file entry.txt (compact mmCIF, C-alpha atoms)
# COMPACT_ATOMS: atom_id res chain seq x y z
CA MET A 1 41.89 78.08 -3.37
CA SER A 2 41.77 81.24 -5.49
CA ILE A 3 39.14 82.00 -8.12
CA ASP A 4 41.75 81.63 -10.89
CA GLU A 5 42.65 78.16 -9.61
CA ARG A 6 38.98 77.10 -9.51
CA ARG A 7 38.48 78.33 -13.11
CA GLN A 8 41.63 76.53 -14.23
CA ARG A 9 40.46 73.25 -12.64
CA SER A 10 36.97 73.58 -14.18
CA ARG A 11 38.47 74.15 -17.67
CA SER A 12 40.69 71.09 -17.18
CA ARG A 13 37.68 68.86 -16.32
CA SER A 14 35.77 70.21 -19.34
CA ARG A 15 38.67 69.46 -21.74
CA SER A 16 38.91 65.94 -20.27
CA ARG A 17 35.22 65.25 -20.95
CA GLU A 18 35.56 66.55 -24.51
CA ARG A 19 38.58 64.32 -25.10
CA ASP A 20 36.77 61.25 -23.77
CA ALA A 21 33.77 61.94 -26.00
CA SER A 22 35.95 62.40 -29.09
CA THR A 23 37.76 59.08 -28.51
CA GLY A 24 34.54 57.14 -27.78
CA VAL A 25 35.69 56.01 -24.34
CA ALA A 26 32.99 56.03 -21.71
CA GLN A 27 33.71 57.33 -18.29
CA GLN A 28 33.85 54.66 -15.64
CA SER A 29 31.32 54.77 -12.87
CA PRO A 30 32.74 55.94 -9.56
CA TYR A 31 31.26 52.75 -8.07
CA SER A 32 33.19 50.45 -10.39
CA ARG A 33 36.07 48.57 -8.91
CA PRO A 34 39.45 48.80 -10.61
CA GLY A 35 40.06 45.91 -12.98
CA ASN A 36 36.34 44.93 -13.13
CA PRO A 37 34.71 46.27 -16.30
CA PRO A 38 30.91 46.74 -16.22
CA SER A 39 29.04 43.44 -16.60
CA ASN A 40 27.26 42.51 -19.81
CA LEU A 41 23.70 42.02 -18.59
CA MET A 42 22.10 40.88 -21.83
CA TYR A 43 22.45 37.48 -23.55
CA GLY A 44 25.07 37.77 -26.22
CA GLY A 45 24.95 41.59 -26.19
CA GLY A 46 27.73 44.11 -25.88
CA MET A 47 28.30 47.39 -24.06
CA GLY A 48 27.46 50.60 -25.93
CA VAL A 49 29.47 53.78 -25.79
CA THR A 50 27.12 55.05 -23.10
CA GLY A 51 27.62 51.97 -20.93
CA ILE A 52 24.09 50.60 -21.65
CA PRO A 53 24.01 46.84 -22.51
CA THR A 54 23.01 46.12 -26.08
CA LEU A 55 20.72 43.32 -27.38
CA PRO A 56 22.24 40.22 -28.98
CA SER A 57 22.51 40.14 -32.70
CA LEU A 58 19.36 39.44 -34.70
CA PRO A 59 20.76 36.27 -36.36
CA ALA A 60 21.18 34.60 -32.93
CA PHE A 61 17.54 35.31 -32.02
CA ALA A 62 16.33 34.16 -35.41
CA THR A 63 18.24 30.85 -35.25
CA ALA A 64 16.83 29.93 -31.83
CA ALA A 65 13.31 30.95 -32.81
CA ASN A 66 13.47 29.00 -36.05
CA ALA A 67 14.67 25.85 -34.26
CA HIS A 68 11.83 26.08 -31.74
CA MET A 69 9.26 26.62 -34.46
CA ALA A 70 10.59 23.65 -36.46
CA ALA A 71 10.39 21.34 -33.43
CA GLN A 72 6.85 22.46 -32.61
CA GLU A 73 5.77 22.11 -36.23
CA LYS A 74 7.02 18.51 -36.27
CA ILE A 75 5.04 17.73 -33.10
CA ASN A 76 1.93 19.19 -34.73
CA ARG A 77 2.44 16.88 -37.71
CA GLU A 78 2.84 13.71 -35.63
CA LEU A 79 0.18 11.25 -34.43
CA PHE A 80 0.34 8.36 -31.97
CA VAL A 81 -0.95 4.95 -33.14
CA GLY A 82 -1.66 2.53 -30.31
CA ASN A 83 -2.58 -1.17 -30.11
CA THR A 84 -0.48 -2.19 -33.10
CA PRO A 85 -0.22 -6.01 -33.41
CA PRO A 86 3.16 -7.59 -32.55
CA GLY A 87 5.49 -7.81 -35.51
CA THR A 88 3.87 -4.95 -37.44
CA SER A 89 6.29 -3.59 -40.05
CA GLU A 90 6.69 0.13 -40.61
CA MET A 91 6.18 -0.17 -44.37
CA LEU A 92 2.98 -2.21 -44.01
CA LEU A 93 1.45 0.22 -41.52
CA LEU A 94 2.51 3.22 -43.64
CA GLN A 95 0.93 1.81 -46.80
CA PHE A 96 -2.22 0.68 -45.00
CA LEU A 97 -2.94 4.05 -43.36
CA ASN A 98 -2.15 6.02 -46.52
CA GLY A 99 -4.55 3.77 -48.41
CA ALA A 100 -7.22 4.28 -45.77
CA LEU A 101 -6.93 8.08 -46.05
CA ARG A 102 -7.30 7.86 -49.83
CA ARG A 103 -10.24 5.48 -49.51
CA VAL A 104 -12.37 7.92 -47.50
CA LYS A 105 -11.16 10.86 -49.61
CA ILE A 106 -9.35 12.63 -46.78
CA CYS A 107 -6.58 13.12 -49.35
CA GLY A 108 -6.33 12.88 -53.12
CA PRO A 109 -6.26 9.51 -54.92
CA GLN A 110 -2.54 9.83 -55.68
CA GLU A 111 -1.39 11.48 -52.44
CA THR A 112 0.70 9.89 -49.67
CA PRO A 113 0.08 12.25 -46.73
CA ILE A 114 1.91 10.02 -44.23
CA LEU A 115 5.61 10.58 -44.80
CA ASN A 116 7.21 8.50 -42.07
CA CYS A 117 6.36 5.73 -39.61
CA ARG A 118 8.22 4.55 -36.48
CA VAL A 119 7.00 1.27 -34.97
CA ASN A 120 7.62 0.13 -31.39
CA THR A 121 6.46 -3.06 -29.65
CA LYS A 122 2.82 -2.08 -29.09
CA PHE A 123 2.55 1.35 -30.69
CA ALA A 124 3.84 3.57 -33.47
CA PHE A 125 4.22 7.22 -34.48
CA ILE A 126 3.31 8.55 -37.92
CA GLU A 127 4.44 11.87 -39.41
CA LEU A 128 2.18 13.68 -41.89
CA THR A 129 2.81 16.37 -44.47
CA ASP A 130 1.38 19.20 -42.35
CA SER A 131 -0.61 19.87 -39.18
CA GLU A 132 -3.89 20.24 -41.09
CA MET A 133 -3.51 16.75 -42.53
CA ALA A 134 -2.66 15.45 -39.05
CA ASN A 135 -5.96 16.90 -37.82
CA LYS A 136 -7.82 15.04 -40.58
CA ALA A 137 -5.94 11.79 -39.94
CA LEU A 138 -7.35 11.70 -36.40
CA ASN A 139 -10.43 10.21 -38.07
CA LEU A 140 -8.45 6.96 -38.44
CA ASN A 141 -9.06 6.26 -34.74
CA GLY A 142 -10.68 2.83 -34.43
CA ILE A 143 -9.64 1.47 -37.83
CA PRO A 144 -9.33 -2.37 -37.89
CA PHE A 145 -5.84 -3.65 -38.73
CA LEU A 146 -4.66 -7.29 -38.72
CA GLY A 147 -7.27 -8.31 -36.15
CA ALA A 148 -6.63 -5.32 -33.88
CA VAL A 149 -8.33 -1.95 -33.52
CA LEU A 150 -5.83 0.91 -33.86
CA LYS A 151 -6.08 3.92 -31.57
CA VAL A 152 -5.00 7.13 -33.26
CA SER A 153 -4.49 10.27 -31.18
CA ARG A 154 -2.18 13.17 -30.49
CA PRO A 155 1.14 12.32 -28.80
CA SER A 156 1.54 13.27 -25.15
CA LYS A 157 3.92 16.14 -26.00
CA TYR A 158 1.31 17.86 -28.19
CA GLY A 159 0.34 21.20 -26.64
CA GLY A 160 -1.91 22.65 -29.31
CA PRO A 161 -5.67 23.15 -29.25
CA HIS A 162 -8.09 20.23 -29.15
CA VAL A 163 -9.29 19.28 -32.62
CA PRO A 164 -12.62 17.40 -32.74
CA ALA A 165 -12.63 14.33 -34.98
CA ASN A 166 -14.84 11.38 -35.82
CA THR A 167 -13.87 7.74 -35.39
CA TRP A 168 -13.27 5.42 -38.33
CA GLN A 169 -16.61 3.76 -37.55
CA GLN A 170 -18.48 7.08 -37.69
CA LEU A 171 -16.71 7.91 -40.93
CA THR A 172 -17.45 4.61 -42.66
CA GLY A 173 -20.61 3.39 -40.93
CA GLN A 174 -18.87 0.29 -39.57
CA SER A 175 -19.32 -1.00 -36.01
CA LEU A 176 -16.68 -1.69 -33.37
CA PRO A 177 -16.11 -5.24 -32.10
CA ALA A 178 -18.01 -5.89 -28.87
CA GLY A 179 -16.22 -4.56 -25.78
CA THR A 180 -13.76 -2.37 -27.71
CA VAL A 181 -13.02 1.01 -26.11
CA LEU A 182 -11.21 3.65 -28.14
CA ASP A 183 -10.43 5.84 -25.14
CA ALA A 184 -7.00 4.53 -24.16
CA GLU A 185 -7.22 5.73 -20.54
CA GLN A 186 -10.68 4.24 -20.03
CA GLU A 187 -9.61 0.97 -21.60
CA LYS A 188 -6.71 0.71 -19.19
CA ILE A 189 -9.10 1.26 -16.27
CA ASN A 190 -11.27 -1.54 -17.66
CA ARG A 191 -8.24 -3.87 -17.67
CA GLU A 192 -6.89 -2.95 -14.23
CA LEU A 193 -7.72 -4.52 -10.85
CA PHE A 194 -6.88 -3.65 -7.25
CA VAL A 195 -5.28 -6.35 -5.07
CA GLY A 196 -5.44 -5.69 -1.34
CA ASN A 197 -4.06 -7.40 1.77
CA THR A 198 -0.66 -8.11 0.23
CA THR A 199 2.39 -8.62 2.46
CA PRO A 200 5.92 -7.17 2.11
CA GLU A 201 7.23 -10.60 1.05
CA MET A 202 5.07 -10.62 -2.08
CA THR A 203 7.00 -9.36 -5.09
CA GLU A 204 5.48 -8.11 -8.32
CA ARG A 205 6.69 -11.18 -10.17
CA MET A 206 5.29 -13.56 -7.55
CA LEU A 207 1.85 -11.95 -7.63
CA ARG A 208 1.72 -11.84 -11.41
CA GLU A 209 2.70 -15.48 -11.79
CA PHE A 210 0.56 -16.76 -8.93
CA LEU A 211 -2.65 -14.97 -9.94
CA GLY A 212 -2.07 -15.65 -13.65
CA ASN A 213 -1.51 -19.36 -13.02
CA ALA A 214 -4.62 -19.51 -10.84
CA MET A 215 -6.70 -18.06 -13.68
CA GLU A 216 -5.24 -20.54 -16.17
CA GLN A 217 -5.79 -23.47 -13.84
CA VAL A 218 -9.54 -22.93 -13.43
CA GLY A 219 -10.21 -21.59 -16.93
CA LEU A 220 -10.69 -17.87 -16.20
CA ASN A 221 -8.34 -16.89 -19.03
CA ILE A 222 -9.61 -16.44 -22.59
CA MET A 223 -6.36 -17.09 -24.46
CA ALA A 224 -3.39 -19.31 -23.66
CA GLY A 225 -0.64 -17.81 -21.54
CA ASN A 226 -0.58 -15.61 -18.46
CA PRO A 227 -3.45 -13.10 -18.79
CA ILE A 228 -1.79 -10.66 -16.36
CA THR A 229 0.56 -8.37 -18.29
CA SER A 230 1.93 -6.26 -15.41
CA CYS A 231 1.84 -5.78 -11.64
CA ARG A 232 2.65 -2.76 -9.43
CA VAL A 233 3.15 -3.33 -5.71
CA SER A 234 2.77 -0.46 -3.22
CA GLY A 235 2.90 -1.29 0.48
CA LYS A 236 -0.11 -3.39 1.47
CA PHE A 237 -1.77 -3.38 -1.91
CA ALA A 238 -1.03 -3.79 -5.60
CA PHE A 239 -2.51 -3.19 -9.04
CA VAL A 240 -2.54 -5.79 -11.81
CA GLU A 241 -3.22 -5.12 -15.48
CA LEU A 242 -4.76 -7.82 -17.68
CA ARG A 243 -4.76 -8.40 -21.42
CA SER A 244 -8.42 -7.60 -21.96
CA PRO A 245 -11.47 -6.18 -20.12
CA GLU A 246 -13.09 -9.62 -20.32
CA GLU A 247 -10.21 -11.30 -18.51
CA ALA A 248 -10.17 -8.49 -15.95
CA ALA A 249 -13.85 -9.19 -15.22
CA ASN A 250 -13.06 -12.91 -14.91
CA ALA A 251 -10.16 -12.20 -12.55
CA LEU A 252 -12.58 -10.66 -10.02
CA ASN A 253 -13.41 -14.28 -9.13
CA LEU A 254 -9.93 -14.51 -7.53
CA ASN A 255 -11.20 -12.49 -4.57
CA ASN A 256 -10.28 -14.18 -1.23
CA ILE A 257 -7.66 -16.44 -2.82
CA PRO A 258 -5.11 -17.58 -0.17
CA PHE A 259 -1.49 -16.78 -0.87
CA MET A 260 1.53 -16.88 1.45
CA GLY A 261 -0.63 -16.89 4.59
CA ALA A 262 -2.90 -14.04 3.50
CA GLN A 263 -6.24 -13.80 1.73
CA LEU A 264 -5.95 -11.43 -1.19
CA ARG A 265 -8.75 -8.95 -1.86
CA VAL A 266 -9.33 -8.56 -5.60
CA GLY A 267 -11.66 -5.83 -6.87
CA ARG A 268 -12.08 -2.84 -9.15
CA PRO A 269 -9.90 0.26 -8.58
CA SER A 270 -11.51 3.38 -7.10
CA LYS A 271 -11.51 5.14 -10.48
CA TRP A 272 -13.72 2.42 -11.99
CA SER A 273 -17.08 3.93 -12.96
CA GLY A 274 -18.71 1.01 -14.75
CA PRO A 275 -21.73 -1.02 -13.65
CA PRO A 276 -21.51 -3.41 -10.67
CA ASP A 277 -19.88 -6.74 -11.52
CA ASN A 278 -21.59 -10.06 -10.95
CA HIS A 279 -18.88 -12.47 -9.80
CA GLY A 280 -18.07 -15.02 -7.14
CA ASN A 281 -15.10 -15.52 -4.84
CA TRP A 282 -12.18 -17.93 -5.14
CA GLU A 283 -13.83 -20.55 -2.93
CA ASP A 284 -16.86 -20.58 -5.25
CA VAL A 285 -14.72 -20.94 -8.37
CA LEU A 286 -12.54 -23.64 -6.81
CA ALA A 287 -15.62 -25.65 -5.79
CA LYS A 288 -16.97 -25.47 -9.35
CA TYR A 289 -13.59 -26.46 -10.77
CA MET A 290 -13.22 -29.45 -8.43
CA SER A 291 -16.73 -30.63 -9.30
CA GLY A 292 -15.94 -30.45 -13.02
CA GLU A 293 -18.33 -27.57 -13.69
CA LEU A 294 -15.41 -25.40 -14.82
CA GLN A 295 -12.95 -26.65 -17.43
CA ALA A 296 -9.51 -25.16 -18.08
CA GLY A 297 -9.29 -25.67 -21.82
CA ASN A 298 -6.31 -23.37 -22.34
CA THR A 299 -4.05 -24.55 -19.55
CA ALA A 300 -0.82 -26.04 -20.81
CA PRO A 301 0.59 -29.16 -19.10
CA GLY A 302 2.47 -28.31 -15.95
CA GLN A 303 1.04 -24.81 -15.52
CA GLY A 304 -1.01 -23.73 -12.55
CA ALA A 305 0.80 -25.62 -9.80
CA ALA A 306 0.42 -22.76 -7.37
CA ALA A 307 -3.30 -22.48 -8.08
CA MET A 308 -3.81 -26.21 -7.49
CA ASN A 309 -2.32 -25.70 -4.04
CA ALA A 310 -3.80 -22.26 -3.40
CA ASN A 311 -5.24 -23.44 -0.08
CA VAL A 312 -1.76 -24.53 1.06
CA LYS A 313 0.29 -21.92 2.89
CA ALA A 314 3.44 -20.90 1.05
CA THR A 315 6.58 -21.99 2.90
CA ARG A 316 10.33 -22.17 2.37
CA VAL A 317 10.19 -25.93 1.77
CA VAL A 318 9.34 -27.64 -1.52
CA GLU A 319 8.27 -31.27 -1.93
CA LEU A 320 9.04 -33.04 -5.23
CA ARG A 321 7.36 -36.25 -6.36
CA ASN A 322 7.68 -38.62 -9.36
CA MET A 323 11.43 -38.14 -9.69
CA LEU A 324 12.80 -41.24 -7.92
CA SER A 325 12.20 -44.95 -7.47
CA ASN A 326 13.29 -47.18 -4.60
CA ASP A 327 16.05 -48.61 -6.82
CA ASP A 328 17.65 -45.15 -6.96
CA LEU A 329 18.06 -45.15 -3.17
CA VAL A 330 19.76 -48.50 -2.58
CA ASN A 331 23.37 -47.80 -3.55
CA GLU A 332 25.10 -45.37 -1.19
CA THR A 333 27.39 -43.89 -3.84
CA GLU A 334 24.53 -43.33 -6.24
CA TYR A 335 22.46 -41.85 -3.40
CA ASN A 336 25.20 -39.30 -2.57
CA GLU A 337 25.56 -38.38 -6.24
CA LEU A 338 21.78 -37.92 -6.42
CA VAL A 339 21.87 -35.48 -3.51
CA GLU A 340 24.66 -33.46 -5.12
CA ASP A 341 22.98 -33.43 -8.54
CA THR A 342 19.75 -32.24 -6.95
CA ARG A 343 21.61 -29.51 -5.07
CA ASP A 344 23.27 -28.28 -8.28
CA GLU A 345 20.07 -28.37 -10.33
CA CYS A 346 17.70 -26.85 -7.76
CA GLY A 347 20.18 -24.29 -6.47
CA GLN A 348 19.63 -22.24 -9.63
CA PHE A 349 16.20 -21.08 -8.39
CA GLY A 350 17.49 -19.34 -5.26
CA GLN A 351 19.50 -19.83 -2.07
CA LEU A 352 19.12 -23.54 -1.35
CA LEU A 353 19.86 -24.33 2.31
CA ASN A 354 19.20 -28.04 2.50
CA VAL A 355 18.37 -31.08 0.35
CA CYS A 356 16.70 -34.01 2.11
CA ILE A 357 16.01 -37.32 0.33
CA PRO A 358 14.63 -40.09 2.56
CA LYS A 359 16.36 -43.43 1.96
CA ALA A 360 14.71 -46.68 0.94
CA GLY A 361 12.47 -48.00 3.69
CA GLU A 362 12.15 -44.61 5.42
CA ALA A 363 8.97 -42.53 5.54
CA GLY A 364 8.75 -40.34 2.47
CA ALA A 365 11.06 -42.52 0.37
CA THR A 366 11.14 -41.52 -3.37
CA LYS A 367 10.28 -37.90 -2.42
CA ILE A 368 12.72 -34.99 -2.46
CA PHE A 369 12.53 -32.07 -0.02
CA LEU A 370 14.20 -28.72 -0.68
CA GLU A 371 14.64 -26.03 1.95
CA TYR A 372 15.18 -22.52 0.57
CA ALA A 373 16.12 -19.28 2.31
CA SER A 374 12.81 -17.61 1.40
CA THR A 375 9.30 -18.42 0.21
CA ASP A 376 10.10 -16.39 -2.93
CA ASP A 377 12.91 -18.83 -3.80
CA ALA A 378 10.66 -21.80 -3.02
CA PHE A 379 7.97 -20.39 -5.30
CA LYS A 380 10.51 -20.00 -8.11
CA ALA A 381 11.52 -23.63 -7.67
CA ILE A 382 7.90 -24.79 -7.91
CA LYS A 383 7.42 -22.73 -11.04
CA GLY A 384 10.63 -24.06 -12.57
CA LEU A 385 10.18 -27.73 -11.69
CA GLU A 386 6.43 -28.34 -11.89
CA GLY A 387 5.48 -30.10 -15.10
CA ARG A 388 8.92 -31.39 -16.02
CA THR A 389 9.09 -35.02 -17.04
CA PHE A 390 11.51 -37.50 -15.48
CA ASP A 391 11.70 -41.10 -16.69
CA GLY A 392 8.37 -40.58 -18.43
CA GLN A 393 6.59 -39.20 -15.34
CA ARG A 394 5.44 -35.63 -14.77
CA VAL A 395 7.12 -34.01 -11.77
CA GLU A 396 4.85 -32.64 -9.03
CA ALA A 397 6.15 -29.70 -6.98
CA THR A 398 4.30 -28.30 -3.95
CA PHE A 399 4.95 -26.36 -0.76
CA TYR A 400 5.63 -28.50 2.35
CA ASP A 401 4.97 -27.68 5.98
CA GLU A 402 8.11 -26.22 7.58
CA THR A 403 7.38 -27.65 11.03
CA LYS A 404 7.06 -31.16 9.64
CA PHE A 405 10.28 -30.69 7.69
CA ILE A 406 12.19 -29.62 10.82
CA GLU A 407 10.81 -32.62 12.70
CA LYS A 408 11.74 -34.95 9.80
CA ASP A 409 8.10 -35.90 9.43
CA PHE A 410 7.92 -36.89 5.77
CA SER A 411 4.91 -39.19 5.98
call {"tool": "encode", "arguments": {"input": "entry.txt", "output": "structure tokens"}}
result
Amino acid sequence: MSIDERRQRSRSRSRSRERDASTGVAQQSPYSRPGNPPSNLMYGGGMGVTGIPTLPSLPAFATAANAHMAAQEKINRELFVGNTPPGTSEMLLLQFLNGALRRVKICGPQETPILNCRVNTKFAFIELTDSEMANKALNLNGIPFLGAVLKVSRPSKYGGPHVPANTWQQLTGQSLPAGTVLDAEQEKINRELFVGNTTPEMTERMLREFLGNAMEQVGLNIMAGNPITSCRVSGKFAFVELRSPEEAANALNLNNIPFMGAQLRVGRPSKWSGPPDNHGNWEDVLAKYMSGELQAGNTAPGQGAAAMNANVKATRVVELRNMLSNDDLVNETEYNELVEDTRDECGQFGQLLNVCIPKAGEAGATKIFLEYASTDDAFKAIKGLEGRTFDGQRVEATFYDETKFIEKDFS
């Protein structure tokens, strides 16, 4: 190539670059593939004339930032209110807490710093005018309300700094009811018990009902109803949660109670840090109950069947008494109808395999025997049938020995 040709080619490349610059078109990288324009590497940005990605527009950033700040500001203005009594109305709680804040001069006499209230079954959330007022409202922790002690704290999603606060009792000079703990986590520990030596057949519902009924039967509960509110089963052990620390302490007396062929171990969980408990075992409590030393004042008629038979191994067979008379067993047609009616009625508790009703003159006459597919189904039947009345008599439902049932030994 001659010198003139080289100069001509150089001038041509120079004019091309000038033309590209004047039209604002950037030169494509030699590494770019045809048909694939350079990627936009920034969120919402564009490509500049030099090929460098640009930032997204300021309004987009501002909108996202403002939304985040608004959400965080709302969290900072919210407080959690625990231990609300059942049936608490939002308006009542709102007015009560606003009045309490005015009473201790946390706000002005005409102010209503709590703007909104959302009530759930056992807790609520309140929204205040600003985060500073939310910090001050933490002093409501421990305030008595309709026979309960409210627990006021930050919600779990709060990520701000810890703000020290007094309790309502410190603020007003009042005293807490005996045994009340304002630390929600510690109170739960005080109400929780460990149950060891469980078997795979034991369901959460079975354990809750069995242990709760046992407590009611021998008077270990403080109020009427099942004192065990929840149960969590994990392998060979479980955790039960009771209504109050006092009933949890009483439930320690269930230690060694027999259930479904195993002796349950009932004790404090490993995270318990309180003083040693002074309690007996189930055999001690049962002996006192049988001697009349313990009275079950809160036990409703028909409850506690499983506890009464706690020393009987749970089986798949249920024995029913006080449902029949010898006259019911004389007529063959009526007898067959009785068997079918029993099958229909008792089949609702689980998979019923067999109904056996000894006839008049046979051993076990006037009793009914039900064979279920599992001990769980049998337990449900006992729970469902025990305490019912039939012709003025209270039905008795208990487990029955499977071997005797197979051998037709109903004596």
call {"tool": "closest_residue", "arguments": {"input": "entry.txt", "among": "A:Trp168, A:Phe237, A:Phe349, A:Phe399", "to": "A:Leu138", "atoms": "all atoms listed in the file"}}
result
A:Trp168
call {"tool": "atom_distance", "arguments": {"input": "entry.txt", "atom1": "atom CA of A:Pro85", "atom2": "atom CA of A:Leu140"}}
result
16.2 Å
call {"tool": "atom_distance", "arguments": {"input": "entry.txt", "atom1": "atom CA of A:Glu247", "atom2": "atom CA of A:Val285"}}
result
14.7 Å
call {"tool": "residues_around", "arguments": {"input": "entry.txt", "residues": "stretch 102-105 of chain A", "least_positions_apart": "4", "cutoff": "10 Å", "atoms": "only C-alpha atoms", "output": "ChimeraX atom specification"}}
result
/A:97-98,109-113,139-140,168,171-172
call {"tool": "write_last_selection", "arguments": {"input": "entry.txt", "atoms": "C-alpha atoms", "output": "compact mmCIF listing (two decimals), keeping the file's coordinate frame"}}
result
# COMPACT_ATOMS: atom_id res chain seq x y z
CA LEU A 97 -2.94 4.05 -43.36
CA ASN A 98 -2.15 6.02 -46.52
CA PRO A 109 -6.26 9.51 -54.92
CA GLN A 110 -2.54 9.83 -55.68
CA GLU A 111 -1.39 11.48 -52.44
CA THR A 112 0.70 9.89 -49.67
CA PRO A 113 0.08 12.25 -46.73
CA ASN A 139 -10.43 10.21 -38.07
CA LEU A 140 -8.45 6.96 -38.44
CA TRP A 168 -13.27 5.42 -38.33
CA LEU A 171 -16.71 7.91 -40.93
CA THR A 172 -17.45 4.61 -42.66
call {"tool": "residues_near_point", "arguments": {"input": "entry.txt", "point": "(-4.2, -6.0, -4.5)", "cutoff": "7 Å", "atoms": "only C-alpha atoms", "output": "number ranges by chain"}}
result
A: 194-198, 237-239, 264-266
call {"tool": "atom_distance", "arguments": {"input": "entry.txt", "atom1": "atom CA of A:Gly87", "atom2": "atom CA of A:Ser153"}}
result
21.1 Å
call {"tool": "closest_residue", "arguments": {"input": "entry.txt", "among": "A:Ala70, A:Ile106, A:Leu207, A:Val81", "to": "A:Val149", "atoms": "only C-alpha atoms"}}
result
A:Val81
call {"tool": "residues_around", "arguments": {"input": "entry.txt", "residues": "A:Leu128", "least_positions_apart": "4", "cutoff": "6 Å", "atoms": "all atoms listed in the file", "output": "PyMOL selection string"}}
result
chain A and resi 77+113-115+134
call {"tool": "write_last_selection", "arguments": {"input": "entry.txt", "atoms": "C-alpha atoms", "output": "CSV table (one decimal), in the coordinates of the input"}}
result
chain,number,residue,atom,x,y,z
A,77,ARG,CA,2.4,16.9,-37.7
A,113,PRO,CA,0.1,12.2,-46.7
A,114,ILE,CA,1.9,10.0,-44.2
A,115,LEU,CA,5.6,10.6,-44.8
A,134,ALA,CA,-2.7,15.4,-39.0
call {"tool": "build_atoms", "arguments": {"input": "entry.txt", "residues": "stretch 148-164 of chain A", "atoms": "N, CA and C atoms", "output": "PDB file, keeping the file's coordinate frame"}}
result
ATOM      1  N   ALA A 148      -6.643  -6.264 -34.999  1.00  0.00           N
ATOM      2  CA  ALA A 148      -6.630  -5.320 -33.880  1.00  0.00           C
ATOM      3  C   ALA A 148      -7.393  -4.060 -34.269  1.00  0.00           C
ATOM      4  N   VAL A 149      -7.691  -3.245 -33.288  1.00  0.00           N
ATOM      5  CA  VAL A 149      -8.330  -1.950 -33.520  1.00  0.00           C
ATOM      6  C   VAL A 149      -7.330  -0.868 -33.136  1.00  0.00           C
ATOM      7  N   LEU A 150      -6.852  -0.111 -34.115  1.00  0.00           N
ATOM      8  CA  LEU A 150      -5.830   0.910 -33.860  1.00  0.00           C
ATOM      9  C   LEU A 150      -6.437   2.119 -33.168  1.00  0.00           C
ATOM     10  N   LYS A 151      -5.652   2.725 -32.296  1.00  0.00           N
ATOM     11  CA  LYS A 151      -6.080   3.920 -31.570  1.00  0.00           C
ATOM     12  C   LYS A 151      -5.187   5.075 -31.994  1.00  0.00           C
ATOM     13  N   VAL A 152      -5.752   6.021 -32.688  1.00  0.00           N
ATOM     14  CA  VAL A 152      -5.000   7.130 -33.260  1.00  0.00           C
ATOM     15  C   VAL A 152      -5.318   8.395 -32.489  1.00  0.00           C
ATOM     16  N   SER A 153      -4.285   9.065 -31.990  1.00  0.00           N
ATOM     17  CA  SER A 153      -4.490  10.270 -31.180  1.00  0.00           C
ATOM     18  C   SER A 153      -3.248  11.141 -31.232  1.00  0.00           C
ATOM     19  N   ARG A 154      -3.339  12.299 -30.607  1.00  0.00           N
ATOM     20  CA  ARG A 154      -2.180  13.170 -30.490  1.00  0.00           C
ATOM     21  C   ARG A 154      -1.167  12.566 -29.529  1.00  0.00           C
ATOM     22  N   PRO A 155       0.136  12.789 -29.767  1.00  0.00           N
ATOM     23  CA  PRO A 155       1.140  12.320 -28.800  1.00  0.00           C
ATOM     24  C   PRO A 155       1.063  13.138 -27.522  1.00  0.00           C
ATOM     25  N   SER A 156       1.625  12.613 -26.454  1.00  0.00           N
ATOM     26  CA  SER A 156       1.540  13.270 -25.150  1.00  0.00           C
ATOM     27  C   SER A 156       2.212  14.640 -25.135  1.00  0.00           C
ATOM     28  N   LYS A 157       3.213  14.863 -25.990  1.00  0.00           N
ATOM     29  CA  LYS A 157       3.920  16.140 -26.000  1.00  0.00           C
ATOM     30  C   LYS A 157       3.195  17.223 -26.794  1.00  0.00           C
ATOM     31  N   TYR A 158       2.071  16.870 -27.424  1.00  0.00           N
ATOM     32  CA  TYR A 158       1.310  17.860 -28.190  1.00  0.00           C
ATOM     33  C   TYR A 158       0.682  18.859 -27.232  1.00  0.00           C
ATOM     34  N   GLY A 159       0.876  20.154 -27.512  1.00  0.00           N
ATOM     35  CA  GLY A 159       0.340  21.200 -26.640  1.00  0.00           C
ATOM     36  C   GLY A 159      -0.598  22.151 -27.347  1.00  0.00           C
ATOM     37  N   GLY A 160      -1.016  21.791 -28.540  1.00  0.00           N
ATOM     38  CA  GLY A 160      -1.910  22.650 -29.310  1.00  0.00           C
ATOM     39  C   GLY A 160      -3.354  22.518 -28.889  1.00  0.00           C
ATOM     40  N   PRO A 161      -4.246  23.201 -29.592  1.00  0.00           N
ATOM     41  CA  PRO A 161      -5.670  23.150 -29.250  1.00  0.00           C
ATOM     42  C   PRO A 161      -6.285  21.799 -29.571  1.00  0.00           C
ATOM     43  N   HIS A 162      -7.379  21.483 -28.877  1.00  0.00           N
ATOM     44  CA  HIS A 162      -8.090  20.230 -29.150  1.00  0.00           C
ATOM     45  C   HIS A 162      -8.809  20.334 -30.491  1.00  0.00           C
ATOM     46  N   VAL A 163      -8.648  19.311 -31.308  1.00  0.00           N
ATOM     47  CA  VAL A 163      -9.290  19.280 -32.620  1.00  0.00           C
ATOM     48  C   VAL A 163     -10.316  18.152 -32.625  1.00  0.00           C
ATOM     49  N   PRO A 164     -11.604  18.461 -32.723  1.00  0.00           N
ATOM     50  CA  PRO A 164     -12.620  17.400 -32.740  1.00  0.00           C
ATOM     51  C   PRO A 164     -12.496  16.544 -33.993  1.00  0.00           C
TER      52      PRO A 164
END
